[in-house]
Amino acid sequence: MLHLLAGLLCIYALTCVKVVYGQNEKGERFLCTAVPIDKDTSCPVQSLPVQSASLQEEELRNTVMQLRETILQQKETIVNQLGTIKELTSKLSRCESDSEMFRKMNKDTMDDVPKDPNDTIDVLGKTMQSLKDRLENLEQQQMRANISGASFPNELRNLLQRRLEDLENQLLKKVNELEEEKSQLYNETVAHRQRTDSTLNSLMNRISELEKGGAGFKSPENFKISLPLRTNYLFGQVKKSLPEMYAFTICMWLKSGSSPGIGTPFSYGVPGQANEIVLIEWGHNPIELLINDKVAQLPLSLSDGRWHHVCITWTTRDGLWEAYQDGQRLGSGENLAPWHPIKPGGVLILGQEQDVVGGRFDATQAFVGELSHFNVWDRVLRSTDIIAMSNCSSYMPGNVVAWTDSNIEVFGGASKWPLELCEDRLFDN
């Protein structure tokens, strides 16, 4: 019996499985089995599943998981920061468009009171505050990343910091530009208001003087007409026409400093002859007297900006003429439209030369200055009468045209003003 048991144990030992552990690069284990000599050695070797991981495998697995988590966090952070950059760029573009709209709005409202750009400045300030809040948020994310041990992309943070500083500088520059534009527009508006107020005050004073004048001046002849611009629409007109005349004397006071030439103090035109009687100094030519379009040059000098008394006499007999300045006879002649009577029914204009009766004025021939005491007689006055009027010792109204407020109309912006002629002349001298 004992021998039988010993044999059985021997057989069991020979058939017993002996396991030798080994491992290849794939993590698989090999099982070695003892087989009898007479058995086929080509039988498949069965591999057993891995029952548990080693400590090294566990550490590697944890490292991989941490790396994956870190990569995901960095990816999420980069996506957030790219969104922030896009939003900051959008805000900058919106700020620039707001600034451009404000600049265009101020340009289009040049004559109005400029709007206060405080609203635009407030928008820029809110944008700045939003950018600063986002920067603080980034800094908090940096702190949380440092605490958790995850790495934060410093390059991205520095880029955002520089971007924010650039935006802040640009916004501050735009605020300063808006403040300068506001100040400039305010100054221009104040100057415009001052000019407007001055013009309105001048117009109100003129209206008040005209309203007070009402029926006329202190004396009917103590006024002047003012023609301050060389235009083709400022002029005065005598309400009555001239009769047929075979002689005349025309006297006036005038003051002009314009050059070249004082222009046309008066012109008389009739149907078929616009230059029936004309006194003109045009360009660099001397003063000329035209009668029926015939010309005589007068040795007068009237463009020194002072008051001068001028008288012209003419008679159809031999066409004799004389020219007086400040009481002195400076020239005379004959054969100026001899035996030609002055035709009636024309238009007598002060300050313009007529190309057709009563119109078609030329601005280059307009009189610029002041004119007063325009009188017309149908005879040749004596030199003593002319001298007396020139030194203010007497005054003789014309028997054909007398200088009175009711006889003279003004047009196109020409105006009437009170005048104490002799006092003004003494002041000039």
# chains A, B, ... in the order shown; residues from 1 in each chain; ligands from 1
$ residues_around --residues "Glu276 in chain A" --least-positions-apart "2" --cutoff "8 Å" --atoms "only C-alpha atoms" --output "tab-separated table (two decimals) with C-alpha atoms, in the first residue's frame"
chain	number	residue	atom	x	y	z
A	267	SER	CA	-25.24	159.27	-64.58
A	268	TYR	CA	-28.27	160.46	-66.54
A	269	GLY	CA	-29.66	158.26	-69.31
A	270	VAL	CA	-32.52	158.80	-71.73
A	273	GLN	CA	-28.76	157.47	-75.19
A	274	ALA	CA	-27.63	155.93	-71.89
A	278	VAL	CA	-22.12	161.06	-67.00
A	290	LEU	CA	-19.72	162.69	-71.00
A	291	ILE	CA	-22.54	164.61	-72.72
A	292	ASN	CA	-24.42	162.79	-75.46
A	293	ASP	CA	-21.53	160.27	-75.38
A	342	ILE	CA	-30.20	167.78	-72.83
A	343	LYS	CA	-33.12	165.47	-73.49
$ select_by_dssp --residues "range 183-383 of chain A" --states "alpha helix (DSSP H)" --output "MDAnalysis selection string"
chainID A and resid 183:213 383
$ closest_residue --among "A:Gln325, A:Ser303, A:Asn232, A:Asn391" --to "Ala363 in chain A" --atoms "only C-alpha atoms"
A:Asn232
$ atom_distance --atom1 "CA of Glu420 in chain A" --atom2 "CA of Tyr395 in chain A"
12.9 Å
$ closest_residue --among "A:Val401, A:Ala366, A:Leu200, A:Leu371" --to "Asn222 in chain A" --atoms "only C-alpha atoms"
A:Leu371
$ residues_around --residues "Asp304 in chain A" --least-positions-apart "2" --cutoff "10 Å" --atoms "only C-alpha atoms" --output "NGL selection string"
:A and (255-259 or 262 or 301-302 or 306-308)
